[in-house]
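Student: Take this structure first; my questions come after.
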Amino acid sequence: MKQFNFETQKIEDIEDIPLYKWLKPYQLLLNWGFTEKEITDAIIQSDNTLGSLTDRNGYQNINIFSHWKSPYDILKTNHYFTIKEYKGEFSKDVRVNDFEVRVPGQYQGLKHGEILFKLFSNKYTWFSSFLIDKSYKESEIELDIFGRLDIKKLTDEQKNLSINEILELSEKKDIIKKKSAWDIYELHDYNNSFNEMYLQTESGSLYVPYEAIINKDFSIIEKRMKDYWSKYNDHSGFNLNH
C-alpha cells in the first residue's frame, strides 16, 4: 500500500487499508454501533471484494488527494492512460504517463443494499424474516446467458428425453418465490433524511430510517411517515388547485 506524504513530498509505504474502510459510509456505521468485524463480514458475505468496492483510475497530479478524506492506494507511478484535452470547443484524446490510484468506486452505492441487508440480518435475527411473494419466469432447464438452450447444460436424465420434451421444459413459466420485503439503496456517508430503507407491506412502502431500528424506536418511523404524508398533501394536485 502506497500513499503520498505531503510533508516530505514523497510516496511512502503504509500498512494495508482494512477492507471495511473502503466502504464510503463505514464511519457512519461505526457511529451507529456496528463493529469493524461486523462490517467486514457483511461485505464478504454479500460476495463483495476490494475490487467490487473500488476503482482504479489514472491521475496526473497526486496532490489532488491532499484534501481527500477517503482512503487511496497508489498502484503505479509509471502508468499510461488517456485524458481529454480541451481547446476551445474541440477536444482530443491525449496519452499521458503518471499515477494509477485505487479509490472508493464511483458507483459503489449500487453495492450498499446487499451489504446493508447482510449487516442488519446478522445483527437482528428478525430482519430477514420479512418476505413477500415475487413472480419470476424460469425454465426447468438451465439456459445460457442469452436464454438459449445449451446441450452442455443438460443433466444426464434430461439427455434421455425427446426433443419435444426438452423444448417443453425449456419454455419459461411463471413461478412464485419468496424474496426480501426490504428495499435498500445507497447509504450516504453523512446523516441526512435519505438514510432510510423501505419495507414493502400490503398497504404500500413503509419508510424506515436506519436509526429507528438501531435505537429500537418505532416513533421515528411514525414521525417519518407523518412528515411524508404531510408534505405529499401540501404539494398534491388537489391542494394546488383548491
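A note on labels: chains of the C-alpha cells are A, B, ... as shown, every chain counts residues from 1, and ligands are counted from 1 in their shown order.
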Enumerate as a VMD selection string all residues of chain A assigned to alpha helix (DSSP H) by DSSP on the backbone, naming them with the chain letters and numbers the document uses.

Tutor: chain A and resid 26 to 31 36 to 45 50 to 53 109 to 123 156 to 159 163 to 170 210 to 214 218 to 234 237 to 241

Student: Excluding stretch 9-13 of chain A and its own-chain neighbours fewer than 2 positions away, which residues fall within 10 Å of it when counting only C-alpha atoms? Please give them as an mmCIF file with N, CA and C atoms, in the first residue's frame.

Tutor:
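The resulting file, result.cif, is reproduced below:
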```cif
data_model
loop_
_atom_site.group_PDB
_atom_site.id
_atom_site.type_symbol
_atom_site.label_atom_id
_atom_site.label_comp_id
_atom_site.auth_asym_id
_atom_site.auth_seq_id
_atom_site.Cartn_x
_atom_site.Cartn_y
_atom_site.Cartn_z
ATOM 1 N N MET A 1 0.846 -1.183 0.000
ATOM 2 C CA MET A 1 0.000 0.000 0.000
ATOM 3 C C MET A 1 0.889 1.244 0.000
ATOM 4 N N LYS A 2 0.649 2.144 -0.931
ATOM 5 C CA LYS A 2 1.484 3.346 -1.026
ATOM 6 C C LYS A 2 0.607 4.596 -0.992
ATOM 7 N N GLN A 3 1.051 5.592 -0.265
ATOM 8 C CA GLN A 3 0.375 6.881 -0.230
ATOM 9 C C GLN A 3 1.412 7.992 -0.312
ATOM 10 N N PHE A 4 0.921 9.180 -0.594
ATOM 11 C CA PHE A 4 1.800 10.333 -0.772
ATOM 12 C C PHE A 4 1.899 11.115 0.533
ATOM 13 N N ASN A 5 3.139 11.323 1.010
ATOM 14 C CA ASN A 5 3.378 12.121 2.215
ATOM 15 C C ASN A 5 3.558 13.570 1.790
ATOM 16 N N PHE A 6 2.589 14.417 2.161
ATOM 17 C CA PHE A 6 2.609 15.800 1.692
ATOM 18 C C PHE A 6 3.653 16.648 2.415
ATOM 19 N N GLU A 7 4.169 16.153 3.526
ATOM 20 C CA GLU A 7 5.224 16.887 4.235
ATOM 21 C C GLU A 7 6.583 16.663 3.569
ATOM 22 N N GLU A 15 0.720 0.673 6.040
ATOM 23 C CA GLU A 15 0.022 -0.591 6.266
ATOM 24 C C GLU A 15 -1.203 -0.676 5.355
ATOM 25 N N ASP A 16 -1.572 -1.903 5.017
ATOM 26 C CA ASP A 16 -2.748 -2.105 4.170
ATOM 27 C C ASP A 16 -3.992 -1.508 4.817
ATOM 28 N N ILE A 62 -0.791 13.921 -8.174
ATOM 29 C CA ILE A 62 -1.113 13.213 -6.936
ATOM 30 C C ILE A 62 -1.602 14.173 -5.862
ATOM 31 N N ASN A 63 -1.301 15.453 -5.984
ATOM 32 C CA ASN A 63 -1.751 16.426 -4.986
ATOM 33 C C ASN A 63 -3.265 16.580 -4.970
ATOM 34 N N ASP A 73 -4.885 4.220 -2.624
ATOM 35 C CA ASP A 73 -3.683 3.404 -2.705
ATOM 36 C C ASP A 73 -3.040 3.651 -4.062
ATOM 37 N N ILE A 74 -1.786 4.106 -4.064
ATOM 38 C CA ILE A 74 -1.059 4.320 -5.317
ATOM 39 C C ILE A 74 -0.577 2.962 -5.815
ATOM 40 N N THR A 77 3.382 4.212 -10.374
ATOM 41 C CA THR A 77 3.861 5.590 -10.562
ATOM 42 C C THR A 77 4.278 5.825 -12.010
#
```

Student: Near stretch 125-142 of chain A, within 10 Å and counting only C-alpha atoms, which residues show up once chain neighbours fewer than 6 positions away are dropped, as a compact mmCIF listing (two decimals) with N, CA and C atoms, in the first residue's frame?

Tutor:
```
# COMPACT_ATOMS: atom_id res chain seq x y z
N PHE A 117 -28.08 -5.25 3.85
CA PHE A 117 -29.02 -6.33 4.17
C PHE A 117 -28.32 -7.39 5.02
N LYS A 118 -27.10 -7.77 4.64
CA LYS A 118 -26.34 -8.75 5.41
C LYS A 118 -26.00 -8.20 6.79
N LEU A 119 -25.63 -6.94 6.84
CA LEU A 119 -25.22 -6.32 8.11
C LEU A 119 -26.37 -6.34 9.10
N ARG A 148 -30.85 -19.16 -24.41
CA ARG A 148 -30.95 -20.23 -25.40
C ARG A 148 -30.62 -21.58 -24.78
N LEU A 149 -31.15 -22.64 -25.39
CA LEU A 149 -30.89 -23.99 -24.91
C LEU A 149 -29.44 -24.36 -25.17
N ASP A 150 -28.75 -24.83 -24.14
CA ASP A 150 -27.35 -25.26 -24.25
C ASP A 150 -27.28 -26.74 -23.91
N ILE A 151 -26.97 -27.56 -24.91
CA ILE A 151 -26.95 -29.01 -24.73
C ILE A 151 -25.99 -29.40 -23.59
N LYS A 152 -24.90 -28.64 -23.45
CA LYS A 152 -23.90 -28.97 -22.44
C LYS A 152 -24.45 -28.82 -21.02
N LYS A 153 -25.51 -28.03 -20.88
CA LYS A 153 -26.07 -27.78 -19.55
C LYS A 153 -27.14 -28.81 -19.15
N LEU A 154 -27.47 -29.72 -20.07
CA LEU A 154 -28.47 -30.74 -19.76
C LEU A 154 -27.91 -31.76 -18.79
N THR A 155 -28.75 -32.22 -17.87
CA THR A 155 -28.35 -33.30 -16.96
C THR A 155 -28.42 -34.63 -17.71
N GLN A 158 -31.99 -35.50 -18.39
CA GLN A 158 -32.61 -34.69 -19.43
C GLN A 158 -32.16 -35.11 -20.84
N ILE A 166 -37.75 -31.83 -24.21
CA ILE A 166 -36.72 -30.86 -23.84
C ILE A 166 -37.18 -29.44 -24.14
N LEU A 167 -37.80 -29.25 -25.32
CA LEU A 167 -38.28 -27.92 -25.69
C LEU A 167 -39.37 -27.44 -24.73
N GLU A 168 -40.22 -28.37 -24.30
CA GLU A 168 -41.28 -28.01 -23.35
C GLU A 168 -40.69 -27.57 -22.00
N LEU A 169 -39.67 -28.29 -21.55
CA LEU A 169 -39.03 -27.94 -20.28
C LEU A 169 -38.26 -26.62 -20.37
N SER A 170 -37.81 -26.28 -21.59
CA SER A 170 -37.02 -25.05 -21.75
C SER A 170 -37.88 -23.80 -21.82
N GLU A 171 -39.20 -23.97 -21.99
CA GLU A 171 -40.09 -22.81 -22.03
C GLU A 171 -40.19 -22.19 -20.64
N LYS A 172 -40.08 -20.88 -20.59
CA LYS A 172 -40.14 -20.19 -19.30
C LYS A 172 -41.58 -20.11 -18.81
N LYS A 173 -41.77 -20.45 -17.53
CA LYS A 173 -43.10 -20.43 -16.92
C LYS A 173 -43.08 -19.54 -15.69
N ASP A 174 -44.24 -19.01 -15.36
CA ASP A 174 -44.35 -18.15 -14.17
C ASP A 174 -44.25 -19.02 -12.92
N ILE A 175 -43.35 -18.62 -12.02
CA ILE A 175 -43.25 -19.28 -10.73
C ILE A 175 -43.21 -18.21 -9.64
N ILE A 176 -43.59 -18.60 -8.45
CA ILE A 176 -43.60 -17.69 -7.32
C ILE A 176 -42.50 -18.07 -6.35
N LYS A 177 -41.67 -17.09 -5.99
CA LYS A 177 -40.61 -17.32 -5.00
C LYS A 177 -40.71 -16.26 -3.91
N LYS A 178 -40.18 -16.60 -2.76
CA LYS A 178 -40.11 -15.64 -1.66
C LYS A 178 -38.87 -14.76 -1.83
N LYS A 179 -39.03 -13.47 -1.62
CA LYS A 179 -37.89 -12.56 -1.63
C LYS A 179 -38.02 -11.60 -0.46
N SER A 180 -36.94 -10.94 -0.15
CA SER A 180 -36.95 -9.99 0.96
C SER A 180 -37.92 -8.85 0.68
N ALA A 181 -38.63 -8.43 1.72
CA ALA A 181 -39.57 -7.31 1.59
C ALA A 181 -38.86 -5.97 1.74
N TRP A 182 -37.55 -6.00 2.01
CA TRP A 182 -36.79 -4.76 2.20
C TRP A 182 -36.22 -4.27 0.88
N LEU A 199 -39.77 -0.85 3.57
CA LEU A 199 -40.35 -2.17 3.78
C LEU A 199 -41.66 -2.26 3.01
N GLN A 200 -41.74 -3.22 2.10
CA GLN A 200 -42.96 -3.40 1.32
C GLN A 200 -44.02 -4.09 2.17
N THR A 201 -45.18 -3.46 2.28
CA THR A 201 -46.29 -4.00 3.06
C THR A 201 -47.53 -4.08 2.18
N GLU A 202 -48.60 -4.66 2.72
CA GLU A 202 -49.85 -4.76 1.96
C GLU A 202 -50.45 -3.39 1.70
N ILE A 213 -34.39 1.44 13.71
CA ILE A 213 -34.03 0.06 14.04
C ILE A 213 -32.91 0.04 15.07
```

Student: Would you mind reading off the distance between atom CA of A:His188 and atom CA of A:Gln60, one decimal, in Å?

Tutor: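 Spanning atom CA of A:His188 to atom CA of A:Gln60 is a straight-line distance of 28.1 Å.
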
Student: Let me make sure I understand: among A:Lys223, A:Lys76, A:His112, A:Lys216, which one has the smallest atom-to-atom distance to A:Met197 if we use only C-alpha atoms?

Tutor: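 The shortest atom-to-atom distance to A:Met197 comes from A:His112.
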
Student: Nearest to A:Lys21: which of A:Gly88, A:Pro104, A:Gly58, A:Gly33 is it, counting only C-alpha atoms?

Tutor: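 That would be A:Pro104, the residue with the smallest distance to A:Lys21.
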
Student: Between A:Ile83, A:Leu30, A:Ile220, A:Ile115, single out the one closest to A:Asp47, counting only C-alpha atoms.

Tutor: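 Counting only C-alpha atoms, the residue closest to A:Asp47 is A:Ile115.
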
Student: Identify which of the residues A:Ile44, A:Phe81, A:Gln27, A:Phe218 lies closest to A:Val94, counting only C-alpha atoms when measuring atom-to-atom distances.

Tutor: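 Comparing A:Ile44, A:Phe81, A:Gln27, A:Phe218 against A:Val94, the winner is A:Phe81.
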
Student: Quick one, how far is atom CA of A:Asn57 from atom CA of A:Val103?

Tutor: 7.5 Å

Student: Which residue gives the smallest distance to A:Ile14 among A:Ser52, A:Tyr72, A:Asn31, A:Glu38, with only C-alpha atoms counted?

Tutor: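 Selected residue with least distance to A:Ile14: A:Tyr72.
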
Student: Run DSSP on the backbone and grab whatever in stretch 32-72 of chain A lands in strand (DSSP E); send it over as a list in words.

Tutor: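 Those residues are Thr54, Asp55, Arg56, Asn57, Gly58 and Tyr59 of chain A.
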
Student: I need the chosen residues saved as a short mmCIF file (atom, residue, chain, number, x, y, z; two decimals), in the first residue's frame, with C-alpha atoms.

Tutor:
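Produced file again_20.cif, reproduced below:
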```cif
data_model
loop_
_atom_site.label_atom_id
_atom_site.label_comp_id
_atom_site.auth_asym_id
_atom_site.auth_seq_id
_atom_site.Cartn_x
_atom_site.Cartn_y
_atom_site.Cartn_z
CA THR A 54 -13.12 0.39 -5.65
CA ASP A 55 -11.99 1.87 -8.97
CA ARG A 56 -8.50 2.03 -10.46
CA ASN A 57 -8.04 5.47 -12.06
CA GLY A 58 -5.22 7.38 -13.66
CA TYR A 59 -4.34 10.79 -12.18
#
```

Student: Restricting the calculation to only C-alpha atoms, which member of A:Asp98, A:Asp183, A:Asp189, A:Glu157 is positioned closest to A:Leu206?

Tutor: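 Counting only C-alpha atoms, the residue closest to A:Leu206 is A:Asp183.
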
Student: What is the atom CA of A:Gln106 to atom CA of A:Leu75 distance in Å?

Tutor: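 Separation between atom CA of A:Gln106 and atom CA of A:Leu75: 17.7 Å.
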